[in-house]
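What follows is the content of target-v9.txt, which has compact mmCIF, C-alpha atoms:
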```txt
# COMPACT_ATOMS: atom_id res chain seq x y z
CA ASP F 291 11.53 -0.23 25.74
CA GLU F 292 14.99 -0.08 24.19
CA TRP F 293 13.52 0.57 20.74
CA ARG F 294 11.35 3.32 22.18
CA ARG F 295 14.36 4.95 23.84
CA ALA F 296 16.37 4.61 20.64
CA GLN F 297 13.99 6.94 18.80
CA HIS F 298 15.64 9.79 20.73
CA ASP F 299 19.20 8.46 20.49
CA HIS F 300 20.59 7.98 16.98
CA ASN F 301 23.67 6.09 18.16
CA HIS F 302 21.57 3.64 20.15
CA LEU F 303 19.23 3.16 17.16
CA GLU F 304 22.23 2.33 14.95
CA HIS F 305 23.43 -0.14 17.58
CA LEU F 306 20.05 -1.92 17.58
CA LYS F 307 19.97 -2.08 13.79
CA ARG F 308 23.48 -3.53 13.67
CA ARG F 309 22.39 -6.09 16.24
CA LEU F 310 19.58 -7.20 13.93
CA SER F 311 22.10 -7.82 11.14
CA GLU F 312 24.48 -9.67 13.44
CA ARG F 313 21.87 -11.95 14.97
CA LEU F 314 19.88 -12.68 11.81
CA GLY F 315 22.64 -12.69 9.23
CA PRO F 316 23.35 -13.89 6.70
CA THR F 317 19.65 -14.66 6.05
CA PHE F 318 18.45 -11.16 6.88
CA ASN F 319 20.04 -7.80 7.65
CA ARG F 320 18.82 -4.43 8.87
CA HIS F 321 17.60 -3.44 5.42
CA ASP F 322 15.11 -6.30 5.34
CA PHE F 323 12.99 -4.75 8.11
CA GLN F 324 10.24 -2.17 8.01
CA TRP F 325 11.28 1.38 8.85
CA PRO F 326 10.66 3.79 10.41
CA TRP F 327 10.00 2.01 13.69
CA PHE F 328 6.39 2.38 14.83
CA PRO F 329 4.84 0.83 17.98
CA LEU F 330 1.62 -1.04 17.21
CA GLU F 331 -0.41 -0.55 20.40
CA GLY F 332 -3.93 0.18 21.67
CA GLU F 333 -6.42 1.13 18.97
CA GLU F 334 -3.63 1.03 16.38
CA TRP F 335 -4.05 -2.76 16.32
CA ASP F 336 -7.22 -2.22 14.27
CA GLY F 337 -6.49 1.30 13.03
CA PRO F 338 -5.44 2.60 9.62
CA ASN F 339 -1.77 1.99 10.46
CA ARG F 340 -2.27 -1.64 11.50
CA MET F 341 -0.01 -2.85 8.64
CA GLU F 342 2.85 -0.52 9.48
CA GLY F 343 4.08 -1.11 13.01
CA TRP F 344 6.03 -3.47 15.22
CA GLY F 345 3.68 -5.32 17.57
CA CYS F 346 3.89 -3.76 21.05
CA GLY F 347 6.94 -1.95 19.69
CA GLU F 348 9.00 -5.13 20.14
CA TRP F 349 8.03 -7.66 17.46
CA SER F 350 10.34 -6.87 14.59
CA GLU F 351 8.51 -6.38 11.31
CA LEU F 352 10.06 -7.73 8.12
CA ASN F 353 9.50 -5.90 4.86
CA GLY F 354 6.69 -8.04 3.48
CA GLY F 355 6.93 -6.67 -0.05
CA SER F 356 10.61 -7.53 -0.43
CA GLU F 357 11.41 -10.28 -2.92
CA LYS F 358 14.29 -11.35 -0.73
CA VAL F 359 12.02 -11.78 2.31
CA MET F 360 9.40 -13.60 0.27
CA SER F 361 12.01 -15.92 -1.23
CA VAL F 362 13.26 -16.92 2.23
CA HIS F 363 9.72 -17.61 3.38
CA THR F 364 8.90 -19.50 0.19
CA ALA F 365 11.91 -21.78 0.69
CA HIS F 366 10.74 -22.40 4.27
CA MET F 367 7.23 -23.28 3.11
CA GLU F 368 8.65 -25.76 0.59
CA LYS F 369 10.66 -27.46 3.33
CA LEU F 370 7.54 -27.75 5.47
CA LYS F 371 5.54 -29.19 2.57
CA ASN F 372 8.30 -31.74 1.98
CA CYS F 373 7.88 -32.76 5.63
CA GLY F 374 4.18 -33.45 5.06
CA ILE F 375 2.56 -30.11 5.88
CA SER F 376 -0.59 -29.76 3.77
CA GLY F 377 -1.67 -26.21 4.55
CA PHE F 378 -0.75 -22.90 6.16
CA ARG F 379 -2.35 -20.49 8.59
CA PHE F 380 -1.18 -16.90 8.14
CA ASP F 381 -0.99 -15.54 11.67
CA ALA F 382 -1.90 -11.90 12.36
CA ALA F 383 -3.01 -11.52 8.74
CA LYS F 384 -4.67 -8.16 9.40
CA HIS F 385 -1.19 -6.71 9.92
CA MET F 386 -0.09 -7.81 6.44
CA ARG F 387 -1.07 -6.21 3.15
CA PRO F 388 -3.58 -8.29 1.19
CA GLU F 389 -1.39 -8.27 -1.92
CA HIS F 390 1.51 -9.73 0.08
CA ILE F 391 -0.64 -12.54 1.49
CA ALA F 392 -2.01 -13.18 -2.00
CA GLU F 393 1.52 -13.75 -3.26
CA TYR F 394 2.36 -16.08 -0.38
CA VAL F 395 -0.85 -18.05 -1.02
CA ARG F 396 0.04 -18.32 -4.71
CA ARG F 397 3.53 -19.58 -3.91
CA ALA F 398 2.34 -21.99 -1.23
CA ASN F 399 -0.14 -23.59 -3.67
CA VAL F 400 -1.89 -25.53 -0.89
CA TYR F 401 -4.84 -24.85 1.40
CA SER F 402 -4.26 -21.61 3.30
CA PHE F 403 -6.27 -19.32 5.54
CA GLY F 404 -5.73 -15.99 7.24
CA GLU F 405 -6.14 -15.23 10.91
CA VAL F 406 -7.93 -11.88 10.79
CA LEU F 407 -8.62 -11.13 14.44
CA SER F 408 -11.58 -8.81 14.09
CA VAL F 409 -15.38 -8.86 14.19
CA ASP F 410 -15.48 -6.17 11.50
CA PRO F 411 -16.69 -7.63 8.16
CA LYS F 412 -15.15 -4.66 6.34
CA MET F 413 -11.68 -5.62 7.55
CA GLN F 414 -12.32 -9.25 6.70
CA LYS F 415 -13.34 -8.28 3.17
CA ASP F 416 -9.96 -6.64 2.65
CA TYR F 417 -8.71 -10.23 2.43
CA THR F 418 -11.66 -12.35 1.32
CA GLU F 419 -12.41 -10.10 -1.67
CA ALA F 420 -8.81 -9.39 -2.66
CA ILE F 421 -7.36 -12.90 -2.39
CA SER F 422 -8.52 -16.03 -4.16
CA LEU F 423 -7.83 -19.64 -3.19
CA LYS F 424 -8.55 -21.95 -6.12
CA GLY F 425 -11.44 -19.75 -7.26
CA ASP F 426 -12.94 -19.20 -3.79
CA PRO F 427 -12.40 -16.31 -1.36
CA LEU F 428 -9.42 -16.71 0.95
CA PRO F 429 -10.82 -18.36 4.11
CA THR F 430 -10.45 -16.16 7.19
CA THR F 431 -11.27 -16.64 10.87
CA ASP F 432 -14.95 -15.92 11.51
CA PHE F 433 -14.70 -14.09 14.85
CA LEU F 434 -18.06 -12.37 14.53
CA LEU F 435 -19.85 -15.70 14.11
CA ALA F 436 -18.20 -17.02 17.28
CA VAL F 437 -19.33 -13.96 19.26
CA TRP F 438 -22.84 -14.29 17.81
CA LEU F 439 -23.05 -17.98 18.75
CA ARG F 440 -21.99 -17.45 22.35
CA ARG F 441 -24.61 -14.77 22.88
CA LEU F 442 -27.26 -16.83 21.13
CA LEU F 443 -26.61 -19.89 23.26
CA GLU F 444 -26.17 -18.15 26.59
CA GLN F 445 -28.71 -15.33 26.31
CA GLY F 446 -31.14 -16.35 23.59
CA PRO F 447 -31.93 -14.95 20.12
CA GLU F 448 -32.96 -11.53 21.42
CA ALA F 449 -29.32 -10.97 22.44
CA VAL F 450 -28.25 -11.00 18.78
CA ASP F 451 -31.31 -9.38 17.20
CA PHE F 452 -29.49 -6.32 15.88
CA GLU F 453 -28.76 -4.69 12.57
CA LEU F 454 -25.32 -6.04 11.70
CA GLU F 455 -23.38 -2.83 11.12
CA ALA F 456 -24.70 -1.19 14.30
CA TRP F 457 -23.89 -4.28 16.37
CA VAL F 458 -20.35 -4.54 14.99
CA ARG F 459 -19.78 -0.89 15.79
CA HIS F 460 -21.00 -1.51 19.35
CA LEU F 461 -18.71 -4.54 19.78
CA LEU F 462 -15.71 -2.52 18.63
CA ASP F 463 -16.58 0.35 20.99
CA VAL F 464 -16.78 -2.03 23.94
CA GLU F 465 -13.57 -3.85 23.00
CA PHE F 466 -11.57 -0.62 22.84
CA GLY F 467 -13.08 0.93 25.95
CA ARG F 468 -15.22 3.52 24.22
CA GLY F 469 -18.42 2.36 25.94
CA GLY F 470 -21.82 2.92 24.42
CA ARG F 471 -25.22 1.27 24.60
CA SER F 472 -26.34 -1.81 22.71
CA PRO F 473 -28.16 -0.93 19.47
CA ALA F 474 -31.92 -1.13 19.22
CA ALA F 475 -33.51 -4.47 18.42
CA ALA F 476 -33.99 -5.08 14.71
CA GLY F 477 -37.12 -7.23 15.10
CA MET F 478 -35.75 -10.15 13.07
CA VAL F 479 -36.58 -12.69 15.78
CA GLN F 480 -40.25 -11.69 15.80
CA GLN F 481 -40.34 -11.89 12.00
CA GLY F 482 -38.57 -15.25 11.93
CA ARG F 483 -35.71 -13.85 9.81
CA LEU F 484 -32.75 -14.08 12.18
CA GLN F 485 -29.63 -15.11 10.26
CA ALA F 486 -26.14 -16.01 11.47
CA PRO F 487 -23.56 -13.44 10.29
CA VAL F 488 -21.43 -15.90 8.30
CA LEU F 489 -18.50 -14.23 6.52
CA THR F 490 -18.21 -16.56 3.54
CA ARG F 491 -19.28 -20.10 2.74
CA ASN F 492 -15.69 -21.28 3.35
CA SER F 493 -14.84 -19.22 6.42
CA VAL F 494 -12.86 -20.76 9.29
CA ARG F 495 -15.27 -21.11 12.22
CA PHE F 496 -14.65 -21.85 15.88
CA ALA F 497 -15.97 -21.46 19.41
CA ARG F 498 -12.59 -21.47 21.17
CA ASN F 499 -9.14 -20.96 19.72
CA HIS F 500 -5.64 -20.50 21.10
CA ASP F 501 -6.07 -16.73 21.43
CA THR F 502 -9.32 -16.86 23.39
CA VAL F 503 -8.10 -19.66 25.67
CA CYS F 504 -4.47 -18.71 26.30
CA ASN F 505 -4.79 -14.93 26.68
CA ASP F 506 -6.38 -13.00 29.50
CA VAL F 507 -8.19 -10.53 27.25
CA PRO F 508 -11.89 -10.12 26.35
CA PHE F 509 -11.72 -10.77 22.58
CA TYR F 510 -15.21 -9.36 22.05
CA GLY F 511 -16.61 -11.55 24.83
CA LEU F 512 -15.01 -14.82 23.70
CA GLY F 513 -12.37 -14.86 26.42
CA GLY F 514 -13.14 -17.23 29.28
CA TRP F 515 -15.64 -19.34 27.33
CA GLY F 516 -15.31 -22.73 28.99
CA ARG F 517 -15.33 -26.05 27.18
CA GLU F 518 -18.70 -27.13 28.60
CA GLY F 519 -20.60 -24.29 26.96
CA ALA F 520 -18.42 -23.87 23.89
CA GLN F 521 -18.70 -27.53 22.90
CA VAL F 522 -22.36 -26.94 21.98
CA ALA F 523 -21.34 -24.16 19.61
CA ALA F 524 -18.57 -26.34 18.18
CA ALA F 525 -21.06 -29.17 17.55
CA LEU F 526 -23.43 -26.75 15.82
CA LEU F 527 -20.64 -25.49 13.56
CA LEU F 528 -19.60 -29.04 12.71
CA ALA F 529 -23.19 -29.90 11.78
CA ALA F 530 -23.44 -27.08 9.23
CA HIS F 531 -23.08 -27.89 5.54
CA ASP F 532 -20.18 -25.58 4.77
CA GLY F 533 -17.16 -23.81 6.24
CA THR F 534 -14.05 -25.17 7.95
CA VAL F 535 -14.22 -25.77 11.70
CA LEU F 536 -11.20 -25.11 13.90
CA LEU F 537 -11.04 -27.24 17.06
CA LEU F 538 -8.58 -27.32 19.92
CA SER F 539 -7.20 -30.85 20.19
CA ASP F 540 -7.84 -30.94 23.95
CA ASP F 541 -11.50 -30.04 23.37
CA ALA F 542 -11.93 -32.71 20.70
CA ARG F 543 -10.43 -35.38 22.95
CA ALA F 544 -12.42 -34.38 26.03
CA SER F 545 -15.87 -33.77 24.54
CA PRO F 546 -18.08 -36.73 23.48
CA LEU F 547 -20.46 -34.19 21.93
CA ILE F 548 -17.75 -32.86 19.63
CA GLN F 549 -16.70 -36.40 18.74
CA LYS F 550 -20.27 -37.29 17.74
CA ALA F 551 -20.57 -34.06 15.76
CA LEU F 552 -17.39 -34.96 13.86
CA LEU F 553 -18.92 -38.28 12.86
CA TYR F 554 -22.10 -36.51 11.78
CA ARG F 555 -20.07 -34.03 9.72
CA LYS F 556 -18.28 -36.85 7.93
CA SER F 557 -21.59 -38.49 7.07
CA LEU F 558 -23.15 -35.19 5.98
CA ARG F 559 -20.22 -34.37 3.71
CA SER F 560 -20.53 -37.80 2.09
CA ARG F 561 -24.21 -37.14 1.41
CA LEU F 562 -23.47 -33.71 -0.04
CA ALA F 563 -20.74 -35.09 -2.28
CA GLU F 564 -23.37 -37.29 -3.96
CA LEU F 565 -25.45 -34.27 -4.99
CA PRO F 566 -25.04 -32.43 -8.31
CA ALA F 567 -22.87 -29.31 -8.14
CA ASP F 568 -25.82 -26.91 -8.49
CA ALA F 569 -27.66 -28.66 -5.64
CA ARG F 570 -24.62 -28.35 -3.35
CA LEU F 571 -24.58 -24.61 -4.03
CA ARG F 572 -28.23 -24.43 -2.98
CA THR F 573 -27.68 -26.24 0.32
CA ARG F 574 -28.57 -24.26 3.43
CA THR F 575 -28.37 -24.95 7.16
CA PHE F 576 -31.44 -24.12 9.27
CA VAL F 577 -31.33 -23.89 13.05
CA GLY F 578 -34.25 -24.05 15.47
CA LEU F 579 -34.05 -23.12 19.16
CA ARG F 580 -36.35 -24.35 21.91
CA LYS F 581 -36.45 -22.24 25.05
CA ALA F 582 -37.00 -23.47 28.57
CA ARG F 583 -40.58 -23.26 29.84
CA THR F 584 -39.49 -20.39 32.06
CA GLY F 585 -38.40 -18.45 28.98
CA GLY F 586 -34.67 -18.84 29.57
CA VAL F 587 -31.85 -19.64 27.17
CA PRO F 588 -32.35 -22.46 24.64
CA VAL F 589 -32.47 -25.93 26.15
CA SER F 590 -32.26 -27.65 22.77
CA ILE F 591 -30.92 -26.77 19.34
CA CYS F 592 -32.27 -28.52 16.25
CA LEU F 593 -30.43 -28.23 12.97
CA ALA F 594 -31.28 -29.35 9.44
CA CYS F 595 -29.33 -29.11 6.18
CA ARG F 596 -31.57 -28.81 3.14
CA VAL F 597 -31.29 -28.13 -0.56
CA VAL F 598 -33.53 -25.14 -1.22
CA GLU F 599 -35.65 -24.44 -4.30
CA PRO F 600 -35.82 -25.27 -7.10
CA PRO F 601 -36.73 -28.75 -5.82
CA SER F 602 -35.35 -31.83 -7.50
CA ALA F 603 -35.12 -35.57 -6.96
CA ALA F 604 -31.61 -35.05 -5.57
CA ASP F 605 -32.88 -32.81 -2.79
CA GLY F 606 -32.37 -34.22 0.67
CA ASP F 607 -32.03 -33.19 4.24
CA ALA F 608 -30.28 -34.35 7.35
CA GLY F 609 -30.70 -33.10 10.89
CA THR F 610 -29.15 -33.23 14.31
CA CYS F 611 -30.06 -31.93 17.72
CA ALA F 612 -27.70 -30.96 20.53
CA GLY F 613 -29.10 -30.83 24.05
CA ARG F 614 -27.99 -28.16 26.46
```

Show me this structure written as structure tokens.
Amino acid sequence: DEWRRAQHDHNHLEHLKRRLSERLGPTFNRHDFQWPWFPLEGEEWDGPNRMEGWGCGEWSELNGGSEKVMSVHTAHMEKLKNCGISGFRFDAAKHMRPEHIAEYVRRANVYSFGEVLSVDPKMQKDYTEAISLKGDPLPTTDFLLAVWLRRLLEQGPEAVDFELEAWVRHLLDVEFGRGGRSPAAAGMVQQGRLQAPVLTRNSVRFARNHDTVCNDVPFYGLGGWGREGAQVAAALLLAAHDGTVLLLSDDARASPLIQKALLYRKSLRSRLAELPADARLRTRTFVGLRKARTGGVPVSICLACRVVEPPSAADGDAGTCAGR
């Protein structure tokens, strides 16, 4: 509130800026922050100004394009690497310019991924298409896939049988209180062509993460997803042939299903590593759902990883089933 009040009181604004220099000096001073002050709130979190503001008007925003700021952060990353850190997660990446993250990724020179908290593939592509990590797209958090999985497991395939762009638009409308009806069914289930909306082959996938568990907000329907149900989605993600799976340590320790899926993943990756490079690129994960006799949500999920055509002697498959 004090920053908001200071926008109408020049003397108070100067006092707050001096305080920044006093408390953060000599590392940073007032000139290392982003001005003018702008409160990032409501729809602005995902709006065109999402890279400009101070979160909730209180989280001070450093000038990401400043060489001085980047040098301080680079020195910090080097210290962490010297302590044994092998990778970095860029928090709130959607509030940073892609070119700034690209430079941090280049300087870090280790595995990195961006937390892009959005179900909108267009926003995700701002980072996956603009930033490269050792020749691959920058991995980002696959929120839309998590939402899709929860609906699939709890309500059945008809609950996700929508044209992607229309469904994303609906999810955003609901999240920001704009209402609106669900889009019309696309008919992909009936045609046997339903596909998971995977961002990239190396996206960071999850069922539960710290945001959905520790915050009392909807997060596109992911909030409040308990471990018992989410563990099935986590096991399914672990059994897929690609991507990186993010797990909460408490969930991994408490769920025998997740523990078994981790062992399966290790075995699957060993099998894939034995294949020629072109065969690994042709690997696909296929999922089958079996409904209850009463027509309810799936009671079993069968998954197989296969190398698709052209067939070769190196082709193989491996499968797993998770009961529910």

Next item on the list: Determine the nearest neighbour of Leu435 in chain F from the options F:Glu342, F:Asp299, F:Glu453, F:Asp410, counting only C-alpha atoms.
Entry: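 Counting only C-alpha atoms, the residue closest to Leu435 in chain F is F:Asp410.
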
Notebook entry, point to check: Just how far from CA of His460 in chain F is CA of Ala525 in chain F, in Å to one decimal?
Noted result: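 Atom-to-atom, CA of Ala525 in chain F and CA of His460 in chain F are spaced 27.7 Å apart.
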
Note to self: So that I can check the surroundings of Asn319 in chain F, please list as a ChimeraX atom specification every protein, DNA and RNA residue that reaches within 7 Å of it, counting only C-alpha atoms and ignoring chain neighbours fewer than 5 positions away.
What the structure shows: /F:310-311,314

Next item on the list: Name the residues in contact with range 350-353 of chain F at a cut-off of 9 Å, using all atoms listed in the file, excluding same-chain residues fewer than 3 positions from it; report them as a ChimeraX atom specification.
Entry: /F:321-325,327,342-345,347,356,359-360

Per residue of range 336-452 of chain F within 10 Å of range 575-583 of chain F, which atom pair is closest and at what distance in Å (one decimal), using all atoms listed in the file, listed by chain and increasing number, as JSON lines?
```
{"residue": "F:Leu442", "atom": "CA", "partner": "F:Leu579", "partner_atom": "CA", "distance": 9.5}
{"residue": "F:Leu443", "atom": "CA", "partner": "F:Leu579", "partner_atom": "CA", "distance": 9.1}
{"residue": "F:Gly446", "atom": "CA", "partner": "F:Lys581", "partner_atom": "CA", "distance": 8.1}
{"residue": "F:Pro447", "atom": "CA", "partner": "F:Leu579", "partner_atom": "CA", "distance": 8.5}
```

Next item on the list: Return the single residue from F:Pro600, F:Arg498, F:Arg309, F:Phe452 that is closest to Arg483 in chain F, with distances computed using all atoms listed in the file.
Entry: F:Phe452

Note to self: When you count only C-alpha atoms, which of these residues is closest to Arg397 in chain F: F:Val409, F:Ala436, F:Leu423, F:Val598?
What the structure shows: F:Leu423

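Considering all atoms listed in the file, the residue among F:Gly477, F:Gly519, F:Pro316, F:Pro329 positioned nearest to Asp291 in chain F is F:Pro329.
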
Check: When distances are computed from only C-alpha atoms, which of F:Leu330, F:Ala563, F:Val406, F:Val400 shows the smallest separation from Asp501 in chain F?
Finding: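 Closest residue, counting only C-alpha atoms: F:Val406.
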
Margin query: Just the number, please: distance in Å from CA of Thr490 in chain F to CA of Arg379 in chain F, one decimal.
Written below: 17.1 Å

Item checked: Nearest candidate to Lys384 in chain F (options F:Pro338, F:Gly467, F:Gly585, F:Gly482; using only C-alpha atoms) -> F:Pro338

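What separates CA of Glu334 in chain F from CA of Thr431 in chain F is a distance of 20.0 Å.
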
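Once all atoms listed in the file are considered, the residues situated within 8 Å of the file point (-31.5, -6.2, 18.7) turn out to be Glu448, Ala449, Val450, Asp451, Phe452, Glu453, Ser472, Pro473, Ala474, Ala475, Ala476 and Gly477 of chain F.
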
The centre and edge lengths of an axis-aligned box containing all atoms of range 555-566 of chain F present in the file, extended by 8 Å on each side, are to be given in Å to one decimal, as lines of an AutoDock Vina configuration file.
```
center_x = -21.9
center_y = -35.5
center_z = 0.7
size_x = 23.2
size_y = 22.1
size_z = 34.0
```

Note to self: Applying 8 Å and only C-alpha atoms, which residues near Leu303 in chain F remain after dropping the ones on its own chain fewer than 5 positions away? List them as number ranges by chain.
What the structure shows: F: 293, 296-297

Margin query: Would you pick out the contacts of range 365-370 of chain F at 12 Å or less, using only C-alpha atoms, so that residues sharing its chain but fewer than 4 positions from it are not included, and give the list as a PyMOL selection string?
Written below: chain F and resi 317+358-361+374-380+394-400+402

Write a file of the selected residues as a PDB file, in the coordinates of the input, keeping C-alpha atoms.
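result-v2.pdb was written with the following content:
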```pdb
ATOM      1  CA  THR F 317      19.650 -14.660   6.050  1.00  0.00           C
ATOM      2  CA  LYS F 358      14.290 -11.350  -0.730  1.00  0.00           C
ATOM      3  CA  VAL F 359      12.020 -11.780   2.310  1.00  0.00           C
ATOM      4  CA  MET F 360       9.400 -13.600   0.270  1.00  0.00           C
ATOM      5  CA  SER F 361      12.010 -15.920  -1.230  1.00  0.00           C
ATOM      6  CA  GLY F 374       4.180 -33.450   5.060  1.00  0.00           C
ATOM      7  CA  ILE F 375       2.560 -30.110   5.880  1.00  0.00           C
ATOM      8  CA  SER F 376      -0.590 -29.760   3.770  1.00  0.00           C
ATOM      9  CA  GLY F 377      -1.670 -26.210   4.550  1.00  0.00           C
ATOM     10  CA  PHE F 378      -0.750 -22.900   6.160  1.00  0.00           C
ATOM     11  CA  ARG F 379      -2.350 -20.490   8.590  1.00  0.00           C
ATOM     12  CA  PHE F 380      -1.180 -16.900   8.140  1.00  0.00           C
ATOM     13  CA  TYR F 394       2.360 -16.080  -0.380  1.00  0.00           C
ATOM     14  CA  VAL F 395      -0.850 -18.050  -1.020  1.00  0.00           C
ATOM     15  CA  ARG F 396       0.040 -18.320  -4.710  1.00  0.00           C
ATOM     16  CA  ARG F 397       3.530 -19.580  -3.910  1.00  0.00           C
ATOM     17  CA  ALA F 398       2.340 -21.990  -1.230  1.00  0.00           C
ATOM     18  CA  ASN F 399      -0.140 -23.590  -3.670  1.00  0.00           C
ATOM     19  CA  VAL F 400      -1.890 -25.530  -0.890  1.00  0.00           C
ATOM     20  CA  SER F 402      -4.260 -21.610   3.300  1.00  0.00           C
TER      21      SER F 402
END
```

Could range 487-500 of chain F be written out with N, CA, C and O atoms, as a PDB file, in the first residue's frame, please?
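Contents of the output file part.pdb:
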```
ATOM      1  N   PRO F 487      -2.565 -32.702 -25.059  1.00  0.00           N
ATOM      2  CA  PRO F 487      -2.009 -31.435 -25.539  1.00  0.00           C
ATOM      3  C   PRO F 487      -0.608 -31.168 -24.975  1.00  0.00           C
ATOM      4  O   PRO F 487      -0.398 -30.251 -24.176  1.00  0.00           O
ATOM      5  N   VAL F 488       0.355 -31.979 -25.381  1.00  0.00           N
ATOM      6  CA  VAL F 488       1.727 -31.841 -24.886  1.00  0.00           C
ATOM      7  C   VAL F 488       2.388 -30.626 -25.540  1.00  0.00           C
ATOM      8  O   VAL F 488       2.341 -30.472 -26.758  1.00  0.00           O
ATOM      9  N   LEU F 489       3.016 -29.782 -24.725  1.00  0.00           N
ATOM     10  CA  LEU F 489       3.659 -28.577 -25.249  1.00  0.00           C
ATOM     11  C   LEU F 489       4.820 -28.909 -26.167  1.00  0.00           C
ATOM     12  O   LEU F 489       4.847 -28.513 -27.334  1.00  0.00           O
ATOM     13  N   THR F 490       5.809 -29.580 -25.636  1.00  0.00           N
ATOM     14  CA  THR F 490       6.997 -29.983 -26.383  1.00  0.00           C
ATOM     15  C   THR F 490       7.436 -31.350 -25.862  1.00  0.00           C
ATOM     16  O   THR F 490       7.028 -31.774 -24.788  1.00  0.00           O
ATOM     17  N   ARG F 491       8.306 -31.998 -26.603  1.00  0.00           N
ATOM     18  CA  ARG F 491       8.740 -33.335 -26.181  1.00  0.00           C
ATOM     19  C   ARG F 491       9.562 -33.288 -24.896  1.00  0.00           C
ATOM     20  O   ARG F 491       9.726 -34.319 -24.228  1.00  0.00           O
ATOM     21  N   ASN F 492      10.073 -32.114 -24.527  1.00  0.00           N
ATOM     22  CA  ASN F 492      10.880 -32.006 -23.305  1.00  0.00           C
ATOM     23  C   ASN F 492      10.233 -31.114 -22.249  1.00  0.00           C
ATOM     24  O   ASN F 492      10.917 -30.597 -21.369  1.00  0.00           O
ATOM     25  N   SER F 493       8.920 -30.941 -22.338  1.00  0.00           N
ATOM     26  CA  SER F 493       8.240 -30.078 -21.369  1.00  0.00           C
ATOM     27  C   SER F 493       8.332 -30.655 -19.960  1.00  0.00           C
ATOM     28  O   SER F 493       8.566 -31.846 -19.764  1.00  0.00           O
ATOM     29  N   VAL F 494       8.139 -29.794 -18.957  1.00  0.00           N
ATOM     30  CA  VAL F 494       8.171 -30.203 -17.555  1.00  0.00           C
ATOM     31  C   VAL F 494       6.738 -30.487 -17.123  1.00  0.00           C
ATOM     32  O   VAL F 494       5.902 -29.581 -17.070  1.00  0.00           O
ATOM     33  N   ARG F 495       6.452 -31.745 -16.796  1.00  0.00           N
ATOM     34  CA  ARG F 495       5.083 -32.192 -16.573  1.00  0.00           C
ATOM     35  C   ARG F 495       4.855 -32.535 -15.107  1.00  0.00           C
ATOM     36  O   ARG F 495       5.770 -32.967 -14.411  1.00  0.00           O
ATOM     37  N   PHE F 496       3.644 -32.400 -14.658  1.00  0.00           N
ATOM     38  CA  PHE F 496       3.337 -32.612 -13.243  1.00  0.00           C
ATOM     39  C   PHE F 496       1.840 -32.812 -13.074  1.00  0.00           C
ATOM     40  O   PHE F 496       1.040 -32.473 -13.952  1.00  0.00           O
ATOM     41  N   ALA F 497       1.465 -33.339 -11.924  1.00  0.00           N
ATOM     42  CA  ALA F 497       0.063 -33.387 -11.511  1.00  0.00           C
ATOM     43  C   ALA F 497      -0.176 -32.379 -10.393  1.00  0.00           C
ATOM     44  O   ALA F 497      -1.176 -31.668 -10.376  1.00  0.00           O
ATOM     45  N   ARG F 498       0.773 -32.323  -9.450  1.00  0.00           N
ATOM     46  CA  ARG F 498       0.723 -31.362  -8.343  1.00  0.00           C
ATOM     47  C   ARG F 498       2.079 -30.675  -8.268  1.00  0.00           C
ATOM     48  O   ARG F 498       3.117 -31.306  -8.458  1.00  0.00           O
ATOM     49  N   ASN F 499       2.050 -29.371  -7.999  1.00  0.00           N
ATOM     50  CA  ASN F 499       3.310 -28.684  -7.726  1.00  0.00           C
ATOM     51  C   ASN F 499       3.100 -27.741  -6.541  1.00  0.00           C
ATOM     52  O   ASN F 499       2.022 -27.686  -5.950  1.00  0.00           O
ATOM     53  N   HIS F 500       4.140 -27.017  -6.173  1.00  0.00           N
ATOM     54  CA  HIS F 500       4.051 -26.199  -4.958  1.00  0.00           C
ATOM     55  C   HIS F 500       2.955 -25.151  -5.060  1.00  0.00           C
ATOM     56  O   HIS F 500       2.313 -24.816  -4.061  1.00  0.00           O
TER      57      HIS F 500
END
```
